[in-house]
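Next comes coords-v6.txt, with compact mmCIF, C-alpha atoms and all ligand atoms.
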```
# COMPACT_ATOMS: atom_id res chain seq x y z
CA MET A 1345 -58.29 -7.12 180.74
CA LYS A 1346 -57.57 -8.49 184.19
CA LEU A 1347 -55.35 -6.35 186.41
CA LEU A 1348 -53.83 -7.37 189.72
CA THR A 1349 -52.70 -4.40 191.79
CA ILE A 1350 -50.21 -4.95 194.59
CA LEU A 1351 -49.91 -2.36 197.32
CA GLY A 1352 -48.87 -2.26 200.95
CA ALA A 1353 -47.36 1.05 202.07
CA ARG A 1354 -48.88 4.47 202.76
CA PRO A 1355 -47.80 6.31 199.60
CA GLN A 1356 -49.02 3.40 197.47
CA PHE A 1357 -52.56 3.77 198.83
CA ILE A 1358 -52.54 7.41 197.77
CA LYS A 1359 -51.13 6.67 194.30
CA ALA A 1360 -53.42 3.68 193.69
CA SER A 1361 -56.51 5.59 194.81
CA VAL A 1362 -56.46 7.84 191.76
CA VAL A 1363 -55.57 5.08 189.30
CA SER A 1364 -58.18 2.66 190.69
CA ARG A 1365 -60.87 5.33 190.42
CA VAL A 1366 -60.23 5.80 186.69
CA ILE A 1367 -59.80 2.07 186.10
CA ARG A 1368 -63.18 1.30 187.67
CA GLU A 1369 -64.86 3.63 185.17
CA GLN A 1370 -63.36 1.63 182.29
CA ASP A 1371 -63.54 -1.95 181.11
CA VAL A 1372 -60.68 -3.13 183.31
CA GLN A 1373 -61.27 -5.74 185.98
CA GLU A 1374 -59.04 -4.94 188.95
CA LYS A 1375 -58.28 -7.07 191.99
CA ILE A 1376 -56.24 -5.60 194.84
CA VAL A 1377 -53.69 -7.30 197.07
CA HIS A 1378 -52.66 -5.47 200.26
CA THR A 1379 -49.43 -7.04 201.45
CA GLY A 1380 -49.98 -5.59 204.94
CA GLN A 1381 -46.57 -3.91 205.00
CA HIS A 1382 -48.26 -0.92 206.67
CA TYR A 1383 -50.95 -1.99 209.07
CA ASP A 1384 -51.67 0.64 211.76
CA THR A 1385 -55.10 2.20 211.28
CA ASN A 1386 -53.61 5.61 210.54
CA MET A 1387 -50.98 4.14 208.18
CA SER A 1388 -53.46 2.07 206.15
CA GLU A 1389 -57.19 1.91 206.90
CA VAL A 1390 -57.64 5.67 207.06
CA PHE A 1391 -56.57 5.96 203.41
CA PHE A 1392 -58.91 3.21 202.23
CA ASN A 1393 -61.82 4.87 204.02
CA GLU A 1394 -61.34 8.53 203.20
CA MET A 1395 -60.08 8.00 199.66
CA GLU A 1396 -62.68 5.37 198.82
CA ILE A 1397 -60.16 2.81 197.64
CA PRO A 1398 -61.88 -0.54 197.00
CA LYS A 1399 -61.46 -3.00 199.85
CA PRO A 1400 -58.51 -5.28 199.06
CA ASP A 1401 -59.45 -8.69 197.70
CA TYR A 1402 -56.53 -10.14 199.65
CA ASN A 1403 -54.72 -8.92 202.78
CA LEU A 1404 -51.50 -10.81 203.42
CA ARG A 1405 -50.63 -9.15 206.76
CA ILE A 1406 -46.89 -9.39 206.18
CA ASN A 1407 -45.00 -6.71 208.12
CA CYS A 1408 -42.33 -5.92 210.73
CA LEU A 1409 -39.76 -8.22 209.12
CA ASP A 1410 -36.29 -7.70 207.75
CA HIS A 1411 -36.04 -7.03 204.04
CA GLY A 1412 -35.37 -10.61 202.90
CA ALA A 1413 -38.04 -12.22 205.04
CA MET A 1414 -40.60 -9.57 204.16
CA THR A 1415 -39.98 -9.71 200.42
CA GLY A 1416 -39.75 -13.51 200.39
CA ARG A 1417 -42.96 -14.10 202.29
CA MET A 1418 -44.79 -11.60 200.13
CA MET A 1419 -43.56 -13.39 197.00
CA GLU A 1420 -44.75 -16.75 198.25
CA GLN A 1421 -48.28 -15.45 198.87
CA ILE A 1422 -48.46 -13.30 195.73
CA GLU A 1423 -47.44 -16.29 193.61
CA ARG A 1424 -50.43 -18.28 194.88
CA ILE A 1425 -52.73 -15.38 194.08
CA ILE A 1426 -51.32 -14.95 190.57
CA ILE A 1427 -51.84 -18.65 189.85
CA LYS A 1428 -55.44 -18.42 191.08
CA GLU A 1429 -56.38 -15.09 189.47
CA THR A 1430 -54.43 -15.43 186.17
CA PRO A 1431 -54.10 -11.65 185.64
CA ASP A 1432 -53.00 -10.18 182.30
CA VAL A 1433 -51.03 -7.45 184.05
CA LEU A 1434 -49.72 -6.97 187.58
CA MET A 1435 -49.31 -3.36 188.62
CA VAL A 1436 -46.93 -2.04 191.27
CA TYR A 1437 -46.19 1.45 192.57
CA GLY A 1438 -43.02 3.13 193.72
CA ASP A 1439 -40.04 1.50 195.38
CA THR A 1440 -40.98 -0.45 198.49
CA ASN A 1441 -40.44 -4.10 199.34
CA THR A 1442 -44.07 -4.64 198.30
CA THR A 1443 -43.21 -3.23 194.86
CA LEU A 1444 -40.28 -5.57 194.29
CA ALA A 1445 -42.08 -8.63 195.66
CA GLY A 1446 -45.01 -8.07 193.29
CA ALA A 1447 -42.91 -7.40 190.20
CA LEU A 1448 -40.48 -10.27 190.70
CA THR A 1449 -43.21 -12.82 191.34
CA ALA A 1450 -45.26 -11.75 188.34
CA LYS A 1451 -42.28 -11.80 186.00
CA LYS A 1452 -41.37 -15.34 187.00
CA GLN A 1453 -44.97 -16.38 186.33
CA HIS A 1454 -44.78 -14.74 182.86
CA VAL A 1455 -47.33 -12.09 183.79
CA LYS A 1456 -46.74 -8.62 182.38
CA VAL A 1457 -45.56 -6.06 184.92
CA ALA A 1458 -46.60 -2.39 184.95
CA HIS A 1459 -44.51 -0.09 187.15
CA VAL A 1460 -45.92 3.28 188.16
CA GLU A 1461 -43.15 5.76 189.11
CA ALA A 1462 -40.58 4.10 186.88
CA GLY A 1463 -37.16 5.54 186.05
CA LEU A 1464 -36.49 7.37 189.31
CA ARG A 1465 -32.97 7.18 190.63
CA SER A 1466 -31.13 8.50 193.67
CA TYR A 1467 -27.89 6.79 192.58
CA ASN A 1468 -27.44 5.74 196.20
CA MET A 1469 -27.33 1.96 196.30
CA ASP A 1470 -27.31 1.94 200.11
CA MET A 1471 -31.01 2.80 199.99
CA PRO A 1472 -33.37 -0.18 199.91
CA GLU A 1473 -35.66 1.91 197.73
CA GLU A 1474 -32.96 2.34 195.05
CA ILE A 1475 -32.43 -1.43 194.90
CA ASN A 1476 -36.17 -2.04 194.71
CA ARG A 1477 -36.78 0.49 191.96
CA ILE A 1478 -33.85 -0.55 189.76
CA LEU A 1479 -34.77 -4.24 189.92
CA THR A 1480 -38.46 -3.52 189.39
CA ASP A 1481 -37.79 -1.30 186.38
CA ARG A 1482 -35.57 -3.90 184.78
CA ILE A 1483 -38.26 -6.59 184.78
CA SER A 1484 -41.21 -4.33 183.99
CA ASP A 1485 -42.99 -4.44 180.64
CA TYR A 1486 -44.71 -1.09 181.06
CA LEU A 1487 -42.66 1.68 182.64
CA PHE A 1488 -44.91 4.58 183.58
CA CYS A 1489 -42.53 7.49 184.16
CA PRO A 1490 -43.57 10.63 186.05
CA THR A 1491 -41.01 13.09 184.66
CA ALA A 1492 -38.80 13.82 181.67
CA ARG A 1493 -35.76 13.09 183.83
CA SER A 1494 -37.05 9.65 184.77
CA VAL A 1495 -37.40 8.80 181.08
CA ASP A 1496 -33.84 10.04 180.45
CA ASN A 1497 -32.54 7.93 183.34
CA LEU A 1498 -33.93 4.79 181.71
CA HIS A 1499 -32.47 5.64 178.32
CA LYS A 1500 -29.06 6.24 179.91
CA GLU A 1501 -29.25 2.70 181.28
CA GLY A 1502 -29.97 1.27 177.82
CA TYR A 1503 -33.70 0.66 178.28
CA GLY A 1504 -34.22 1.71 174.67
CA ASN A 1505 -32.74 -1.70 173.76
CA PHE A 1506 -34.92 -3.69 176.14
CA ASP A 1507 -38.25 -5.27 175.36
CA CYS A 1508 -40.39 -2.81 177.30
CA LYS A 1509 -42.63 0.20 176.77
CA ILE A 1510 -41.52 3.49 178.33
CA GLU A 1511 -44.33 6.02 178.75
CA LYS A 1512 -44.08 9.49 180.24
CA VAL A 1513 -47.49 9.85 181.84
CA GLY A 1514 -46.91 12.44 184.57
CA ASP A 1515 -47.09 11.90 188.30
CA VAL A 1516 -50.08 10.18 189.88
CA MET A 1517 -49.25 12.06 193.11
CA TYR A 1518 -50.13 15.27 191.27
CA ASP A 1519 -53.45 13.73 190.22
CA ALA A 1520 -54.05 12.87 193.87
CA ALA A 1521 -53.12 16.32 195.17
CA LEU A 1522 -55.49 18.00 192.70
CA TYR A 1523 -58.30 15.53 193.27
CA TYR A 1524 -58.27 15.56 197.07
CA SER A 1525 -57.39 19.21 197.63
CA LYS A 1526 -61.02 20.48 197.51
CA LYS A 1527 -62.31 17.59 199.59
CA SER A 1528 -59.62 18.31 202.14
CA ASP A 1529 -60.70 21.99 202.30
CA THR A 1530 -64.23 20.99 203.20
CA VAL A 1531 -63.65 17.91 205.35
CA SER A 1532 -60.44 18.40 207.33
CA GLU A 1533 -60.55 20.20 210.66
CA ILE A 1534 -56.95 19.61 211.60
CA ILE A 1535 -55.82 23.24 211.49
CA SER A 1536 -58.44 24.33 214.02
CA SER A 1537 -58.22 21.20 216.14
CA LEU A 1538 -54.45 21.66 216.54
CA ARG A 1539 -55.01 25.43 216.98
CA LEU A 1540 -52.54 26.26 214.24
CA THR A 1541 -52.06 29.68 212.73
CA PRO A 1542 -51.54 29.44 208.95
CA GLU A 1543 -47.93 30.01 207.82
CA LYS A 1544 -46.73 30.00 211.45
CA TYR A 1545 -45.54 26.43 211.70
CA VAL A 1546 -43.10 24.12 209.97
CA LEU A 1547 -44.36 20.71 208.87
CA CYS A 1548 -41.91 17.86 209.20
CA THR A 1549 -41.83 14.12 208.46
CA VAL A 1550 -38.94 11.68 208.98
CA HIS A 1551 -38.95 7.96 208.35
CA ARG A 1552 -36.19 6.88 205.96
CA GLN A 1553 -34.03 3.96 207.01
CA GLU A 1554 -30.90 6.02 206.27
CA ASN A 1555 -32.03 8.65 208.82
CA THR A 1556 -33.58 6.42 211.46
CA ASN A 1557 -31.36 3.35 211.65
CA ASP A 1558 -28.30 5.34 212.68
CA PRO A 1559 -29.06 6.78 216.15
CA GLU A 1560 -26.46 9.54 215.69
CA LYS A 1561 -28.17 10.75 212.52
CA LEU A 1562 -31.57 10.64 214.15
CA LYS A 1563 -30.21 12.47 217.18
CA SER A 1564 -28.94 15.26 214.97
CA ILE A 1565 -32.34 15.52 213.23
CA VAL A 1566 -34.05 15.72 216.63
CA ASP A 1567 -31.57 18.43 217.59
CA LEU A 1568 -32.34 20.37 214.39
CA LEU A 1569 -36.09 20.18 214.97
CA ASN A 1570 -35.71 21.24 218.60
CA THR A 1571 -33.69 24.26 217.46
CA ILE A 1572 -36.26 25.24 214.82
CA ASN A 1573 -39.10 24.75 217.28
CA LYS A 1574 -37.63 27.50 219.46
CA LYS A 1575 -38.34 29.99 216.64
CA THR A 1576 -41.23 28.41 214.74
CA LYS A 1577 -43.61 25.72 215.91
CA VAL A 1578 -42.82 22.30 214.45
CA ILE A 1579 -45.64 19.90 213.56
CA LEU A 1580 -44.31 16.37 213.24
CA PRO A 1581 -46.72 13.57 212.30
CA LEU A 1582 -44.48 10.80 213.49
CA HIS A 1583 -44.00 7.62 211.47
CA PRO A 1584 -44.22 4.59 213.82
CA ARG A 1585 -40.72 3.48 212.80
CA THR A 1586 -39.22 6.81 213.90
CA LYS A 1587 -41.32 6.90 217.05
CA LYS A 1588 -40.05 3.49 218.14
CA ILE A 1589 -36.39 4.42 217.54
CA ILE A 1590 -36.70 7.82 219.26
CA GLN A 1591 -38.15 6.04 222.28
CA SER A 1592 -35.69 3.15 222.35
CA HIS A 1593 -32.68 5.50 222.16
CA GLY A 1594 -34.07 7.92 224.73
CA LEU A 1595 -33.96 10.87 222.30
CA LYS A 1596 -35.84 13.94 223.50
CA LEU A 1597 -38.07 16.06 221.31
CA SER A 1598 -38.78 19.42 222.95
CA PHE A 1599 -42.35 19.36 221.54
CA LYS A 1600 -45.07 16.74 221.29
CA PRO A 1601 -45.24 15.03 217.90
CA ILE A 1602 -48.63 14.06 216.52
CA ALA A 1603 -49.73 10.66 215.22
CA PRO A 1604 -49.57 10.06 211.46
CA VAL A 1605 -52.54 11.70 209.78
CA GLY A 1606 -54.77 10.80 206.84
CA TYR A 1607 -54.18 12.34 203.44
CA LEU A 1608 -57.02 14.90 203.71
CA ASP A 1609 -55.52 16.27 206.94
CA MET A 1610 -52.05 16.11 205.45
CA ILE A 1611 -53.05 18.33 202.54
CA GLN A 1612 -54.31 20.96 205.00
CA LEU A 1613 -51.13 20.72 207.04
CA ILE A 1614 -49.07 21.24 203.88
CA LYS A 1615 -51.20 24.05 202.46
CA ASN A 1616 -51.10 26.05 205.69
CA SER A 1617 -47.46 25.47 206.60
CA ALA A 1618 -44.63 28.00 206.40
CA LEU A 1619 -42.38 25.37 204.87
CA ILE A 1620 -41.70 21.65 204.85
CA ILE A 1621 -38.80 19.67 206.27
CA THR A 1622 -38.83 16.03 205.23
CA ASP A 1623 -37.06 12.95 203.97
CA SER A 1624 -40.21 11.72 202.22
CA GLY A 1625 -40.28 11.41 198.45
CA GLY A 1626 -43.97 12.25 198.18
CA MET A 1627 -43.80 15.24 200.51
CA GLN A 1628 -41.03 16.88 198.45
CA LYS A 1629 -43.38 17.03 195.49
CA GLU A 1630 -46.47 17.94 197.48
CA ALA A 1631 -44.53 20.90 198.89
CA CYS A 1632 -44.12 22.09 195.29
CA PHE A 1633 -47.76 21.33 194.33
CA PHE A 1634 -48.89 23.62 197.15
CA ARG A 1635 -46.08 26.17 196.65
CA LYS A 1636 -44.09 25.58 199.82
CA PHE A 1637 -40.32 25.50 200.05
CA CYS A 1638 -38.88 22.16 201.12
CA ILE A 1639 -35.74 21.27 203.05
CA THR A 1640 -34.87 17.65 202.37
CA LEU A 1641 -33.04 15.70 205.06
CA ARG A 1642 -31.02 13.66 202.59
CA ASN A 1643 -27.82 13.82 200.53
CA GLU A 1644 -29.62 13.30 197.24
CA THR A 1645 -33.12 13.14 195.81
CA GLU A 1646 -34.94 11.35 193.01
CA TRP A 1647 -36.72 14.65 192.32
CA MET A 1648 -33.73 16.74 191.21
CA GLU A 1649 -35.89 19.08 189.11
CA LEU A 1650 -37.08 20.62 192.40
CA VAL A 1651 -33.49 21.29 193.46
CA ASP A 1652 -32.75 22.77 190.03
CA HIS A 1653 -35.71 25.12 190.45
CA LYS A 1654 -34.36 26.17 193.87
CA VAL A 1655 -37.52 25.18 195.72
CA ASN A 1656 -36.02 22.13 197.40
CA PHE A 1657 -32.78 22.27 199.38
CA LEU A 1658 -30.75 19.19 200.23
CA ALA A 1659 -29.66 19.61 203.83
CA ARG A 1660 -27.70 16.36 204.01
CA ASN A 1661 -27.35 15.59 207.69
CA ASN A 1662 -25.99 18.99 208.47
CA LYS A 1663 -27.73 21.24 210.93
CA GLU A 1664 -25.97 24.40 209.70
CA VAL A 1665 -26.93 23.74 206.07
CA ALA A 1666 -30.52 23.06 207.12
CA LEU A 1667 -30.75 26.23 209.22
CA LYS A 1668 -29.23 28.32 206.44
CA ALA A 1669 -31.83 26.95 204.01
CA PHE A 1670 -34.55 27.58 206.60
CA ASN A 1671 -33.57 31.23 207.01
CA ARG A 1672 -33.34 31.66 203.27
CA CYS A 1673 -36.82 30.22 202.64
CA ILE A 1674 -38.79 31.95 205.38
CA GLY A 1675 -40.28 35.13 203.94
CA THR A 1676 -39.06 34.41 200.38
CA LYS A 1677 -41.64 34.47 197.60
CA TYR A 1678 -42.17 31.07 195.98
CA PRO A 1679 -41.14 31.15 192.31
CA ILE A 1680 -43.27 30.03 189.38
CA VAL A 1681 -42.70 26.32 188.77
CA LYS A 1682 -44.72 24.91 185.90
CA ASP A 1683 -45.77 21.44 184.77
CA LEU A 1684 -42.87 19.41 186.17
CA TYR A 1685 -45.21 16.57 187.02
CA GLY A 1686 -47.72 16.60 184.19
CA THR A 1687 -51.20 18.06 184.19
CA GLY A 1688 -53.06 15.81 186.61
CA ASN A 1689 -54.16 13.17 184.11
CA ALA A 1690 -51.50 10.51 184.73
CA ALA A 1691 -54.09 7.97 185.90
CA GLN A 1692 -56.11 8.52 182.74
CA LYS A 1693 -53.05 7.98 180.56
CA ILE A 1694 -52.05 4.83 182.43
CA THR A 1695 -55.55 3.40 182.09
CA GLU A 1696 -55.69 4.13 178.36
CA ILE A 1697 -52.42 2.27 177.82
CA LEU A 1698 -53.52 -0.67 179.98
CA LYS A 1699 -56.81 -0.95 178.13
CA LYS A 1700 -54.96 -1.56 174.87
CA ILE A 1701 -53.31 -4.66 176.30
CA GLN A 1702 -55.06 -7.68 174.87
CA SER A 1703 -56.20 -10.33 177.29
C1 LIG B 1801 -41.48 1.80 203.81
C2 LIG B 1801 -40.68 1.77 202.52
C3 LIG B 1801 -40.23 3.18 202.17
C4 LIG B 1801 -41.43 4.11 202.12
C5 LIG B 1801 -42.21 4.02 203.42
C6 LIG B 1801 -43.48 4.85 203.29
C7 LIG B 1801 -39.35 -0.27 202.12
C8 LIG B 1801 -38.00 -0.85 202.12
N1 LIG B 1801 -39.46 0.96 202.65
O1 LIG B 1801 -40.63 2.25 204.84
O2 LIG B 1801 -39.63 3.17 200.89
O3 LIG B 1801 -40.96 5.43 201.95
O4 LIG B 1801 -42.58 2.65 203.66
O5 LIG B 1801 -43.94 5.24 204.55
O6 LIG B 1801 -40.27 -0.88 201.65
N2 LIG B 1801 -44.52 0.26 211.43
C9 LIG B 1801 -45.57 0.27 212.30
N3 LIG B 1801 -46.83 0.38 211.78
C10 LIG B 1801 -47.07 0.45 210.46
C11 LIG B 1801 -45.99 0.42 209.58
C12 LIG B 1801 -44.71 0.34 210.08
O7 LIG B 1801 -45.40 0.20 213.52
O8 LIG B 1801 -48.26 0.55 210.04
C13 LIG B 1801 -43.14 0.15 212.00
C14 LIG B 1801 -42.76 -1.29 212.28
O9 LIG B 1801 -41.93 -1.31 213.41
C15 LIG B 1801 -41.92 -1.64 211.06
C16 LIG B 1801 -41.23 -0.31 210.78
O10 LIG B 1801 -42.21 0.68 211.08
O11 LIG B 1801 -41.02 -2.68 211.28
C17 LIG B 1801 -40.75 -0.14 209.38
O12 LIG B 1801 -41.81 -0.41 208.46
P1 LIG B 1801 -41.46 -0.84 206.96
O13 LIG B 1801 -42.72 -0.97 206.20
O14 LIG B 1801 -40.51 -1.96 206.95
O15 LIG B 1801 -40.62 0.39 206.43
P2 LIG B 1801 -40.96 1.96 206.35
O16 LIG B 1801 -39.95 2.70 207.12
O17 LIG B 1801 -42.38 2.20 206.67
N1 LIG B 1802 -48.64 11.32 204.44
C1 LIG B 1802 -49.87 11.31 205.09
N2 LIG B 1802 -49.87 11.35 206.46
C2 LIG B 1802 -48.72 11.41 207.20
C3 LIG B 1802 -47.47 11.43 206.51
C4 LIG B 1802 -47.48 11.37 205.13
O1 LIG B 1802 -50.92 11.27 204.45
O2 LIG B 1802 -48.81 11.44 208.42
C5 LIG B 1802 -48.63 11.26 202.96
C6 LIG B 1802 -47.85 12.37 202.31
O3 LIG B 1802 -48.64 13.52 202.16
C7 LIG B 1802 -47.48 11.72 200.98
C8 LIG B 1802 -47.28 10.29 201.35
O4 LIG B 1802 -47.95 10.08 202.59
O5 LIG B 1802 -48.56 11.79 200.08
C9 LIG B 1802 -45.80 10.03 201.49
O6 LIG B 1802 -45.58 8.89 202.19
P1 LIG B 1802 -44.22 8.58 202.94
O7 LIG B 1802 -43.54 9.82 203.33
O8 LIG B 1802 -44.58 7.61 203.98
O9 LIG B 1802 -43.41 7.79 201.82
P2 LIG B 1802 -42.47 8.22 200.60
O10 LIG B 1802 -43.21 9.19 199.75
O11 LIG B 1802 -41.22 8.76 201.16
O12 LIG B 1802 -42.22 6.92 199.91
```

Spell out the structure here as structure tokens.
Amino acid sequence: MKLLTILGARPQFIKASVVSRVIREQDVQEKIVHTGQHYDTNMSEVFFNEMEIPKPDYNLRINCLDHGAMTGRMMEQIERIIIKETPDVLMVYGDTNTTLAGALTAKKQHVKVAHVEAGLRSYNMDMPEEINRILTDRISDYLFCPTARSVDNLHKEGYGNFDCKIEKVGDVMYDAALYYSKKSDTVSEIISSLRLTPEKYVLCTVHRQENTNDPEKLKSIVDLLNTINKKTKVILPLHPRTKKIIQSHGLKLSFKPIAPVGYLDMIQLIKNSALIITDSGGMQKEACFFRKFCITLRNETEWMELVDHKVNFLARNNKEVALKAFNRCIGTKYPIVKDLYGTGNAAQKITEILKKIQS
């Protein structure tokens, strides 16, 4: 079986690392295309090195473009690669422009599409991610769903009548968190190098278009973080997109953010934090994996089970709501939350299903 994996953005490197590891142990021949969507060393290379992801067979270096240009140029290049490599299946992860470009190109070339993280919905069509994930799901042949809710979402949209296979496999991010947690304990020195006291800082990430493109929204997030930093130290590994917009709009953080970190350092930062404030999809779940409350800087989330379990609080863009959630979480015991995201063998399940596909 010949598999072509398309990736390009930070969370996809993390997700693909665990799947590629299992795939390499089996009789599946995988080639990797890096679209280049993320390209800074600490947004891309660091993950390939520390997570031992095979070097991409192709690097398209397509980045820093508007959505149409980015997706279009990726499609043009991916099409050439598909024609040359004749894969049986093309695999994509998540909901980025890289995901949609890969899926759409493969489908038009009559190559089967496997989508990891299928069935997630925010029901907010203003988000580029929602558009990408809905369109990718619709043309995928294998929909690998992380949660029961993601399977339900697909059935509500009539996927039971479509010619596709829906599989609840669990979340590959959980596989990754389990797999890299021990390595992170032994390798990462970030807590001592930043002189952090465990449980005495808040970890924050912000990068979503909906929060960064509107300077007023970003200003109010900066204001929130400055307020929190007066009480509890804020550690902010700053996404380059957010950094550029903060600088160009002259917004003032009252503390020094840090550069984006690798995954092994990130796990330590999460594990030792008091709580997490984020608009990241992955971080919302990782907060739960490592039993930290999460305040989400969005109006909605694809991971509603966390909200239902009262471990994730949607702060919208409202400072008062966020501060209320902050005060509620600090010092509160984390409840027992079990098996929302599988048991850490999602990559194994995905590989077993892929292996059954005849070449
Ligand atoms: C993308 C995904 C988002 C995902 C995020 C993961 C889309 C539409 N969005 O958002 O779903 O959550 O990746 O982090 O695909 N930049 C750099 N260096 C880099 C990468 C980005 O400087 O290595 C800057 C560039 O100015 C670039 C901007 O960030 O134009 C935005 O990058 P882009 O990949 O378009 O979107 P993200 O915000 O990273
Ligand atoms: N992450 C990381 N270093 C950072 C910020 C995030 O390793 O400086 C990891 C984070 O732990 C999670 C993933 O990147 O596993 C999430 O990526 P991101 O927030 O960029 O995207 P999203 O999950 O929102 O699509």

Practice problem: For ligand LIG 1802 (chain B), list the contacting residues at 9 Å or closer, counting all atoms listed in the file, as a PyMOL selection string. | Solution: chain A and resi 1353-1359+1386-1387+1391+1438-1440+1473+1517+1520-1521+1548-1552+1580-1583+1602-1611+1614+1622-1630

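Protein and nucleic acid residues near (-48.4, 8.2, 181.0) are A:Phe1488, A:Cys1489, A:Glu1511, A:Lys1512, A:Val1513, A:Gly1514, A:Ala1690, A:Lys1693, A:Ile1694, the criterion being any atom at most 7 Å away using all atoms listed in the file.
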
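Reported to one decimal place, the separation of atom CA of A:Ile1590 from atom CA of A:Thr1556 is 8.5 Å.
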
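Closest approach to ligand LIG 1801 (chain B) from the set A:Met1471, A:Ala1447, A:Met1395, A:Leu1569 is made by A:Met1471, with distances taken over only C-alpha atoms and all ligand atoms.
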
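Put simply, atom O1 of ligand LIG 1801 (chain B) is 8.1 Å away from atom CA of A:Arg1585.
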
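Proximity to ligand LIG 1801 (chain B) was assessed for A:Ile1367, A:Val1566, A:Ile1376, A:Ala1413 counting all atoms listed in the file; the smallest distance is recorded for A:Ala1413.
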